[in-house]
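**Student:** The structure file target_0.cif (mmCIF, C-alpha atoms) is provided below.
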data_target
#
loop_
_atom_site.label_atom_id
_atom_site.label_comp_id
_atom_site.auth_asym_id
_atom_site.auth_seq_id
_atom_site.Cartn_x
_atom_site.Cartn_y
_atom_site.Cartn_z
CA MET A 22 -7.75 32.55 -38.04
CA SER A 23 -7.84 36.07 -36.65
CA ILE A 24 -7.79 38.90 -39.18
CA SER A 25 -7.67 41.82 -36.75
CA LYS A 26 -4.78 43.49 -34.98
CA ILE A 27 -5.22 43.78 -31.24
CA PRO A 28 -3.65 46.91 -29.70
CA GLU A 29 -0.65 46.23 -27.44
CA ARG A 30 -2.32 48.05 -24.57
CA THR A 31 -5.30 45.68 -24.76
CA LYS A 32 -2.98 42.65 -24.84
CA LEU A 33 -1.20 43.85 -21.70
CA LEU A 34 -4.48 44.48 -19.91
CA LEU A 35 -5.67 40.97 -20.80
CA TRP A 36 -2.43 39.43 -19.53
CA GLY A 37 -2.84 41.32 -16.25
CA LYS A 38 -6.49 40.39 -15.74
CA ALA A 39 -5.79 36.73 -16.53
CA GLY A 40 -2.76 36.59 -14.27
CA GLY A 41 -0.73 35.17 -17.15
CA ARG A 42 -2.67 31.88 -16.98
CA CYS A 43 -5.04 30.02 -19.26
CA GLU A 44 -8.60 31.19 -18.65
CA TYR A 45 -10.24 27.93 -19.70
CA ASP A 46 -12.21 26.48 -16.79
CA GLY A 47 -10.04 24.11 -14.75
CA CYS A 48 -6.81 24.70 -16.70
CA ASN A 49 -4.99 27.68 -15.14
CA GLU A 50 -1.78 26.70 -16.95
CA PRO A 51 0.98 29.34 -16.63
CA LEU A 52 1.56 30.85 -20.07
CA TRP A 53 5.04 32.22 -19.54
CA LEU A 54 7.02 28.97 -19.60
CA ASP A 55 7.34 25.54 -21.16
CA SER A 56 6.17 23.00 -18.54
CA VAL A 57 8.68 20.42 -19.81
CA THR A 58 11.92 22.39 -20.25
CA LYS A 59 10.97 25.21 -17.82
CA PHE A 60 12.23 27.66 -20.44
CA GLU A 61 10.45 30.96 -20.00
CA PHE A 62 8.74 32.54 -23.00
CA ASN A 63 5.26 33.60 -24.11
CA THR A 64 3.15 30.48 -24.83
CA ALA A 65 -0.21 32.27 -24.78
CA TYR A 66 -2.86 32.63 -27.48
CA ILE A 67 -5.39 35.45 -27.50
CA ALA A 68 -8.74 34.09 -28.61
CA HIS A 69 -11.89 35.92 -29.61
CA ILE A 70 -15.10 34.88 -27.89
CA VAL A 71 -17.12 36.34 -30.74
CA ALA A 72 -14.93 35.87 -33.82
CA ASP A 73 -13.51 38.99 -35.45
CA LYS A 74 -15.23 37.99 -38.71
CA PRO A 75 -18.82 36.78 -39.21
CA SER A 76 -17.68 33.46 -40.70
CA GLY A 77 -15.40 32.62 -37.74
CA PRO A 78 -16.21 30.65 -34.58
CA ARG A 79 -19.23 32.23 -32.88
CA GLY A 80 -19.13 34.97 -35.52
CA ASP A 81 -21.90 37.55 -35.81
CA PRO A 82 -22.70 39.96 -38.68
CA THR A 83 -22.67 42.97 -36.36
CA LEU A 84 -20.77 42.02 -33.20
CA SER A 85 -17.76 40.54 -34.97
CA PHE A 86 -16.71 43.98 -36.21
CA LYS A 87 -17.83 45.83 -33.10
CA LEU A 88 -16.02 43.60 -30.56
CA ARG A 89 -12.91 42.53 -32.48
CA ALA A 90 -10.57 44.59 -30.29
CA GLU A 91 -12.65 44.80 -27.10
CA LEU A 92 -11.02 43.46 -23.94
CA SER A 93 -14.33 41.93 -22.83
CA ASN A 94 -14.33 39.75 -25.96
CA LEU A 95 -10.82 38.35 -25.55
CA MET A 96 -9.52 35.33 -23.63
CA LEU A 97 -5.97 34.32 -22.78
CA LEU A 98 -5.63 30.62 -23.58
CA CYS A 99 -3.07 27.85 -23.86
CA ASP A 100 -2.57 26.19 -27.24
CA LYS A 101 -4.74 23.14 -26.60
CA HIS A 102 -7.74 25.09 -25.33
CA HIS A 103 -7.41 27.67 -28.09
CA ARG A 104 -7.63 24.81 -30.60
CA LEU A 105 -10.49 23.21 -28.65
CA ILE A 106 -12.82 26.22 -28.68
CA ASP A 107 -12.00 27.43 -32.21
CA HIS A 108 -11.60 24.16 -34.13
CA GLU A 109 -12.47 20.90 -32.37
CA GLN A 110 -15.55 21.77 -30.29
CA VAL A 111 -16.91 25.08 -31.49
CA LYS A 112 -20.57 24.20 -30.87
CA GLU A 113 -19.79 23.00 -27.34
CA HIS A 114 -18.30 26.41 -26.53
CA PRO A 115 -20.99 29.06 -27.10
CA VAL A 116 -20.47 32.71 -26.23
CA ASP A 117 -22.21 32.51 -22.84
CA ARG A 118 -20.03 29.61 -21.68
CA LEU A 119 -16.78 31.34 -22.63
CA CYS A 120 -17.88 34.65 -21.11
CA HIS A 121 -18.60 32.82 -17.85
CA MET A 122 -15.16 31.17 -17.88
CA LYS A 123 -13.47 34.52 -18.47
CA GLU A 124 -15.46 36.26 -15.75
CA GLN A 125 -14.84 33.56 -13.13
CA HIS A 126 -11.11 33.33 -13.86
CA GLU A 127 -10.52 37.09 -13.78
CA GLN A 128 -12.55 37.53 -10.59
CA ARG A 129 -10.46 34.81 -8.92
CA VAL A 130 -7.19 36.44 -10.04
CA GLN A 131 -8.36 39.83 -8.79
CA PHE A 132 -9.42 38.39 -5.45
CA LEU A 133 -6.23 36.43 -4.80
CA ALA A 134 -4.04 39.34 -5.85
CA SER A 135 -5.86 41.63 -3.42
CA LEU A 136 -5.05 39.49 -0.37
CA THR A 137 -2.42 40.91 1.94
CA GLU A 138 0.42 38.95 3.55
CA ASN A 139 -1.20 38.86 7.00
CA ARG A 140 -3.85 36.53 5.56
CA GLN A 141 -1.31 33.90 4.63
CA SER A 142 -1.73 30.56 6.36
CA HIS A 143 0.34 27.39 6.34
CA LEU A 144 -1.85 24.34 5.78
CA LEU A 145 -1.14 21.58 8.30
CA LEU A 146 -2.42 18.11 7.35
CA TYR A 147 -2.51 15.06 9.60
CA GLY A 148 -4.16 11.71 8.93
CA ALA A 149 -3.89 8.35 10.69
CA ASN A 150 -5.59 4.98 10.28
CA ILE A 151 -9.01 4.67 11.92
CA GLY A 152 -9.90 1.00 12.36
CA SER A 153 -9.38 -0.70 9.02
CA HIS A 154 -9.68 2.58 7.11
CA SER A 155 -6.82 4.86 6.17
CA SER A 156 -7.46 8.58 6.58
CA PRO A 157 -5.67 10.57 3.91
CA VAL A 158 -6.11 14.34 4.16
CA SER A 159 -5.41 15.81 0.74
CA TRP A 160 -4.19 19.24 -0.37
CA THR A 161 -6.84 19.52 -3.08
CA ARG A 162 -9.73 18.98 -0.65
CA THR A 163 -8.44 21.38 1.99
CA VAL A 164 -6.98 24.35 0.13
CA SER A 165 -10.41 25.61 -0.98
CA ALA A 166 -11.66 25.56 2.62
CA VAL A 167 -9.33 28.35 3.77
CA LEU A 168 -10.51 30.83 1.12
CA PRO A 169 -11.52 33.64 1.33
CA ASP A 170 -10.37 34.15 4.94
CA TYR A 171 -6.82 32.96 4.27
CA TYR A 172 -4.75 31.79 1.36
CA PRO A 173 -1.92 29.24 1.33
CA ALA A 174 1.45 30.66 2.31
CA GLU A 175 3.15 27.90 0.30
CA ASN A 176 2.17 25.77 -2.69
CA HIS A 177 2.32 22.62 -0.57
CA ALA A 178 1.10 21.55 2.86
CA ILE A 179 2.98 20.63 6.01
CA GLU A 180 2.18 16.91 6.27
CA LEU A 181 2.51 14.99 9.53
CA SER A 182 0.98 11.67 8.46
CA MET A 183 2.81 8.38 8.64
CA LYS A 184 2.93 7.25 5.01
CA ASN A 185 1.66 3.74 4.16
CA SER A 186 1.29 2.71 7.80
CA SER A 187 0.17 -0.91 8.24
CA PHE A 188 -0.82 -0.40 11.90
CA ALA A 189 -4.50 -0.28 12.88
CA ASP A 190 -5.77 1.40 16.03
CA ASN A 191 -6.53 -2.00 17.64
CA ASP A 192 -2.89 -3.12 17.38
CA PRO A 193 -1.11 -3.21 20.76
CA GLU A 194 1.75 -1.02 19.49
CA TYR A 195 -0.40 1.44 17.52
CA TRP A 196 -0.57 4.29 20.04
CA LYS A 197 3.14 4.20 20.87
CA ILE A 198 4.28 4.11 17.24
CA GLU A 199 1.77 6.63 15.88
CA ARG A 200 2.32 9.04 18.78
CA GLU A 201 6.12 8.89 18.50
CA ASN A 202 5.95 9.48 14.75
CA LEU A 203 3.62 12.46 15.17
CA ARG A 204 5.87 14.02 17.81
CA LYS A 205 9.00 13.64 15.68
CA LEU A 206 7.39 15.06 12.54
CA PHE A 207 5.81 17.92 14.49
CA SER A 208 9.13 18.85 16.08
CA HIS A 209 10.92 18.76 12.73
CA LYS A 210 8.31 20.34 10.47
CA VAL A 211 6.32 22.68 12.72
CA LYS A 212 7.94 23.49 16.06
CA SER A 213 11.27 24.50 14.52
CA ARG A 214 9.53 26.84 12.08
CA LEU A 215 7.32 28.35 14.78
CA THR A 216 10.41 29.01 16.89
CA ALA A 217 12.13 30.66 13.92
CA GLY A 218 9.09 32.86 13.25
CA ASP A 219 8.63 31.31 9.81
CA ILE A 220 4.96 30.47 10.46
CA ASN A 221 2.45 33.16 11.47
CA HIS A 222 -0.78 31.20 11.11
CA LEU A 223 -1.79 27.55 10.71
CA SER A 224 -4.87 26.04 9.09
CA VAL A 225 -5.26 22.60 10.65
CA PHE A 226 -6.93 19.66 8.88
CA ALA A 227 -6.82 16.37 10.78
CA LEU A 228 -8.59 13.02 10.53
CA ALA A 229 -7.42 10.32 12.95
CA PRO A 230 -8.48 8.41 16.10
CA GLN A 231 -9.56 10.90 18.74
CA PRO A 232 -6.63 10.38 21.15
CA MET A 233 -4.21 11.19 18.31
CA LEU A 234 -6.15 14.34 17.46
CA MET A 235 -5.92 15.45 21.09
CA GLU A 236 -2.19 14.76 21.01
CA LEU A 237 -1.87 16.94 17.90
CA GLY A 238 -3.75 19.73 19.69
CA HIS A 239 -1.50 19.28 22.73
CA LEU A 240 1.60 19.65 20.54
CA LEU A 241 0.17 22.75 18.84
CA SER A 242 -1.01 24.34 22.11
CA ASP A 243 -3.10 27.49 22.13
CA ILE A 244 -0.14 29.82 21.62
CA PRO A 245 0.33 29.95 17.81
CA ALA A 246 -2.49 31.49 15.79
CA ALA A 247 -4.43 28.64 14.19
CA GLN A 248 -7.79 27.75 12.69
CA VAL A 249 -8.90 24.13 13.11
CA TYR A 250 -11.26 22.85 10.41
CA GLN A 251 -14.02 20.25 10.54
CA LEU A 252 -14.69 17.53 7.95
CA HIS A 253 -18.44 17.62 7.29
CA ARG A 254 -20.52 14.71 6.08
CA GLU A 255 -23.17 16.84 4.35
CA PRO A 256 -21.88 18.39 2.18
CA PRO A 257 -18.69 16.27 2.27
CA ASN A 258 -16.03 18.96 2.58
CA TRP A 259 -13.91 20.92 5.08
CA LYS A 260 -15.38 24.36 4.42
CA TRP A 261 -17.12 26.08 7.32
CA GLN A 262 -20.83 26.50 6.65
CA ASN A 263 -23.29 29.34 7.24
CA ASP A 264 -25.57 27.59 9.72
CA THR A 265 -26.98 30.23 12.11
CA GLU A 266 -28.48 27.78 14.63
CA PRO A 267 -26.61 28.13 17.94
CA ILE A 268 -25.34 25.08 19.84
CA GLU A 269 -25.92 24.81 23.58
CA PHE A 270 -23.45 22.60 25.44
CA VAL A 271 -25.02 21.03 28.52
CA LEU A 272 -22.93 20.16 31.58
CA GLN A 273 -24.25 17.33 33.73
CA LYS A 274 -22.47 17.58 37.07
CA SER A 275 -21.45 14.54 39.03
CA THR A 276 -23.67 13.83 42.02
CA ARG A 277 -20.81 11.96 43.71
CA LEU A 278 -18.13 14.60 44.19
CA LYS A 279 -16.37 12.93 47.11
CA HIS A 280 -14.76 10.22 45.01
CA LYS A 281 -11.08 10.74 44.34
CA ALA A 282 -11.26 9.28 40.82
CA VAL A 283 -12.99 11.48 38.24
CA ALA A 284 -14.13 10.85 34.66
CA LEU A 285 -15.42 13.09 31.90
CA ILE A 286 -17.82 11.87 29.24
CA LEU A 287 -17.85 14.00 26.07
CA ALA A 288 -21.08 12.87 24.39
CA LEU A 289 -21.31 15.18 21.39
CA SER A 290 -21.15 12.91 18.32
CA ALA A 291 -22.91 10.03 20.07
CA THR A 292 -24.49 9.13 23.40
CA ILE A 293 -22.22 7.49 26.00
CA THR A 294 -23.87 5.88 29.02
CA THR A 295 -22.20 5.97 32.44
CA ASP A 296 -22.10 2.17 32.72
CA ARG A 297 -19.51 2.13 29.90
CA VAL A 298 -17.25 4.11 32.24
CA THR A 299 -17.98 2.18 35.43
CA ASP A 300 -17.39 -1.11 33.60
CA ILE A 301 -13.79 0.04 33.16
CA LEU A 302 -13.09 2.16 36.24
CA GLY A 303 -15.54 0.77 38.79
CA LYS A 304 -18.35 2.54 40.60
CA ASP A 305 -16.15 4.45 43.03
CA ILE A 306 -15.77 7.37 40.64
CA SER A 307 -17.27 10.80 39.97
CA ILE A 308 -18.56 11.15 36.41
CA TRP A 309 -19.11 14.46 34.64
CA THR A 310 -20.76 14.74 31.21
CA LEU A 311 -20.64 17.44 28.56
CA THR A 312 -23.26 16.89 25.87
CA ILE A 313 -25.81 18.51 23.55
CA SER A 314 -29.56 17.98 23.21
CA ASN A 315 -29.21 15.62 20.25
CA PRO A 316 -25.73 14.06 19.96
CA ASN A 317 -24.91 13.34 16.32
CA ASN A 318 -21.85 13.13 14.09
CA ASP A 319 -22.54 16.21 11.98
CA PHE A 320 -23.83 18.85 14.39
CA LEU A 321 -20.75 21.09 14.20
CA LYS A 322 -21.25 23.40 11.21
CA THR A 323 -19.59 26.75 11.89
CA ARG A 324 -16.59 28.42 13.48
CA GLU A 325 -19.00 29.84 16.06
CA HIS A 326 -20.01 26.32 17.11
CA LEU A 327 -16.37 25.42 17.69
CA THR A 328 -15.78 28.66 19.60
CA ALA A 329 -18.77 27.87 21.82
CA PHE A 330 -17.26 24.48 22.61
CA ARG A 331 -13.92 26.06 23.50
CA ARG A 332 -15.62 28.37 26.01
CA SER A 333 -17.64 25.54 27.56
CA PHE A 334 -14.69 23.18 27.82
CA ARG A 335 -12.37 25.81 29.27
CA LYS A 336 -14.93 26.55 31.99
CA LEU A 337 -15.49 22.83 32.62
CA LEU A 338 -11.79 22.15 33.21
CA ASP A 339 -11.71 24.88 35.84
CA VAL A 340 -14.86 23.59 37.57
CA ILE A 341 -13.60 20.00 37.76
CA LYS A 342 -10.21 21.09 39.11
CA ALA A 343 -11.93 23.20 41.77
CA GLU A 344 -14.08 20.23 42.85
CA HIS A 345 -11.43 17.48 42.75
CA GLY A 346 -8.14 19.27 43.32
CA GLN A 347 -5.24 20.06 41.04
CA ASN A 348 -3.62 16.64 41.46
CA ALA A 349 -6.57 14.62 40.17
CA LEU A 350 -6.25 12.54 37.00
CA LEU A 351 -9.14 13.18 34.59
CA HIS A 352 -10.26 10.07 32.68
CA VAL A 353 -11.68 11.25 29.31
CA PHE A 354 -14.18 9.20 27.28
CA PRO A 355 -14.77 11.10 24.01
CA ALA A 356 -17.28 10.92 21.18
CA VAL A 357 -16.57 14.23 19.48
CA PRO A 358 -16.01 15.76 16.01
CA VAL A 359 -12.42 15.83 14.76
CA SER A 360 -12.02 19.59 15.19
CA VAL A 361 -13.26 19.37 18.79
CA ALA A 362 -10.75 16.61 19.57
CA VAL A 363 -7.89 18.81 18.32
CA GLU A 364 -9.19 21.78 20.31
CA ILE A 365 -9.34 19.72 23.52
CA GLY A 366 -5.58 19.29 23.25
CA ARG A 367 -5.04 22.95 22.39
CA ILE A 368 -7.24 24.35 25.16
CA ARG A 369 -5.65 22.38 27.99
CA MET A 370 -2.87 24.32 29.72
CA PRO A 371 -0.14 21.83 30.78
CA LYS A 372 1.01 23.84 33.83
CA ALA A 373 -2.47 24.65 35.14
CA ASP A 374 -4.95 21.94 34.14
CA LEU A 375 -5.46 18.34 35.21
CA ALA A 376 -3.59 15.55 33.47
CA LEU A 377 -5.80 13.69 30.98
CA ARG A 378 -6.06 9.93 30.61
CA ILE A 379 -7.54 9.38 27.15
CA TYR A 380 -9.68 6.41 26.16
CA ASP A 381 -10.61 5.35 22.64
CA GLN A 382 -13.83 3.68 21.50
CA ASN A 383 -12.92 0.72 19.29
CA ARG A 384 -15.11 -2.24 18.39
CA GLY A 385 -11.99 -4.23 17.58
CA THR A 386 -10.97 -4.08 21.25
CA GLY A 387 -14.44 -4.45 22.75
CA GLY A 388 -15.32 -0.83 23.55
CA PHE A 389 -13.42 1.94 25.32
CA THR A 390 -9.76 1.14 25.96
CA PHE A 391 -6.91 3.19 27.39
CA ALA A 392 -4.76 4.95 24.78
CA PHE A 393 -2.31 7.21 26.64
CA ASP A 394 -1.97 10.10 29.11
CA ILE A 395 -1.55 13.77 28.23
CA VAL A 396 0.28 15.48 31.07
#
How would this structure read if it were set down as C-alpha cells?
**Tutor:**
Amino acid sequence: MSISKIPERTKLLLWGKAGGRCEYDGCNEPLWLDSVTKFEFNTAYIAHIVADKPSGPRGDPTLSFKLRAELSNLMLLCDKHHRLIDHEQVKEHPVDRLCHMKEQHEQRVQFLASLTENRQSHLLLYGANIGSHSSPVSWTRTVSAVLPDYYPAENHAIELSMKNSSFADNDPEYWKIERENLRKLFSHKVKSRLTAGDINHLSVFALAPQPMLMELGHLLSDIPAAQVYQLHREPPNWKWQNDTEPIEFVLQKSTRLKHKAVALILALSATITTDRVTDILGKDISIWTLTISNPNNDFLKTREHLTAFRRSFRKLLDVIKAEHGQNALLHVFPAVPVSVAVEIGRIRMPKADLALRIYDQNRGTGGFTFAFDIV
C-alpha cells in the first residue's frame, strides 16, 4: 500500500501521458468508465514502479524515497493489473519490464495524438473464398499495417465480404453471385460515402480470386485517394517492408501482331506458358507477356514495387491499344500478387482502355477458365 501523497499536478501529467488508458502491455483499457454499465468515472490506479517504501514491491533503500513522487516512476493502471504487479506476480514484474511498458505506451499515445486529420484513412476489407479455403481479412491484422503513414478514421473497417459464403470459385454460379454481392456492398458502403465526401482516403486490404480483386479495383477506380496493401508470406503480414531491391518488369512483345484476337499473360507470381493460352483461344492470336526475371509469389515487398508495376502496366495498355486498335478485346491470364490484381482494375480507364476478358487459374476446373468481362 502506498504511503506517499502524489501531487495533483503529477497525477494530471500521468493521465495525459497515458491517454487515460491502462499502461500494462496489451491492456489499453480506458480508465474513465465502467465497461459494463458505461458509467463514466475514474477507475484508474496510480502504481509505483519502484515502491515508495523499501519494503514494498520492487522497493529500494535509496530509490524508494527519491522516486516516490517522480512522474517517471509512476504508471496508470487498471485494477486487475495494479493487483497483478503489486501482489500476485511481483517477481515477474521487475523494474526494467515495467519501465519498458510505460515507455512504449506513452510513446504510442504521443505518436497517435500528434497525427493530423489529413492522415486519416478508412480501412476497406474484402475477402472471398479461394478454392476450398475461405479468405477472411481481419481488422486486427490490417490496422497495424497503416501506421505510421495513416491511422484509422473509424474504430471499425468497411467490410465488403460475403459472410459465410458456401460457394467455391469452381462453382458455376460463383462469379455471378460473388460479383453481384461485391457491387451491391460497394455501392452501399463505399460509393455513397465517396459521393458525399465522407471518405478522403482508403486503405485497401483484399484477398480473393484474382478476377474478383480486379473487379474491386474497377469499382474503386483511380479517382479516390487509396493505398492498396499486399499480404506477404514472409513475414506473414500486410505491412509494407523496407526492401531496397528494385523490380524490373519485362515486356515480351507479340511477334504476331496481325491477329485480331489479343491476349496478355501476367506472369509475375508464377510462370505461364503460351500453350496454356492457345489451348483455350487457338493459335490465331497475338500474345503479349509482362513478367519479371524470377516469377514468385512473394516478390512484391514495397510500395515502390507496386508503383513500378502501375507505371509498366499503364504503358502496356497504351502500347497494346495502339497495335490492335481501340475496339480489341484483351484476354487477360493473370498470376499476380493480390495488390497487383486490385491495381489492374484501378489503373484501367473505362472510357479509354480496351475491355478486359478475365480468366482464372483453377485446378478444380482444369486450368484457366473464363470468369467475366470488365468493360
**Student:** For CA of Val353 (chain A) and CA of Arg335 (chain A), determine how far apart the two atoms are, in Å to one decimal place.
**Tutor:**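 About the pair CA of Val353 (chain A) and CA of Arg335 (chain A): they are 14.6 Å apart.
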**Student:** Tell me which protein, DNA and RNA residues are within 9 Å of region 100-103 of chain A, counting all atoms listed in the file, leaving out same-chain ones fewer than 4 positions away, and put them as an MDAnalysis selection string.
**Tutor:** chainID A and resid 43 45 48 64:68 107:108
**Student:** Please expand the PyMOL selection byres ((chain A and resi 172) around 6) into the concrete residues it hits in this file, giving the result as a list in words.
**Tutor:**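 What the PyMOL selection byres ((chain A and resi 172) around 6) grabs from the file is Gln141, Ser142, Leu168, Tyr171 and Pro173 of chain A.
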**Student:** For Leu215 (chain A), please output as a VMD selection string all residues within 12 Å (counting all atoms listed in the file; exclusion window: fewer than 6 positions along the same chain).
**Tutor:** chain A and resid 143 207 to 209 221 to 223 240 to 242 244 to 247
**Student:** Residues within 9 Å of Leu234 (chain A), please, as an MDAnalysis selection string. Count all atoms listed in the file; anything in the same chain fewer than 3 positions from it doesn't count.
**Tutor:** chainID A and resid 147 227:231 237:239 359:366
**Student:** Could you list, as a list in words, every residue within 8 Å of Pro232 (chain A), counting only C-alpha atoms and ignoring same-chain residues fewer than 4 positions away?
**Tutor:**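 With the cut-off at 8 Å, the set is Glu236, Ala362, Ile379, Tyr380, Asp381, Ala392 and Phe393 of chain A.
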**Student:** For region 337-347 of chain A, list every protein, DNA or RNA residue within 7 Å, evaluated using only C-alpha atoms, and leave out those in the same chain fewer than 3 positions away; present the list as a list in words.
**Tutor:**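 Near neighbours after the sequence-gap exclusion: Lys281, Ser333, Phe334, Asp374 and Leu375 of chain A.
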**Student:** For each of A:Val249, A:Arg254, A:Leu88, A:Phe354, take the minimum atom-to-atom distance to Thr295 (chain A), counting all atoms listed in the file, then give the residue where this is smallest.
**Tutor:** A:Phe354
**Student:** Considering only C-alpha atoms, can you say which of A:Gln110, A:Val116, A:Ser224, A:Pro358 comes closest to Arg140 (chain A)?
**Tutor:** A:Ser224
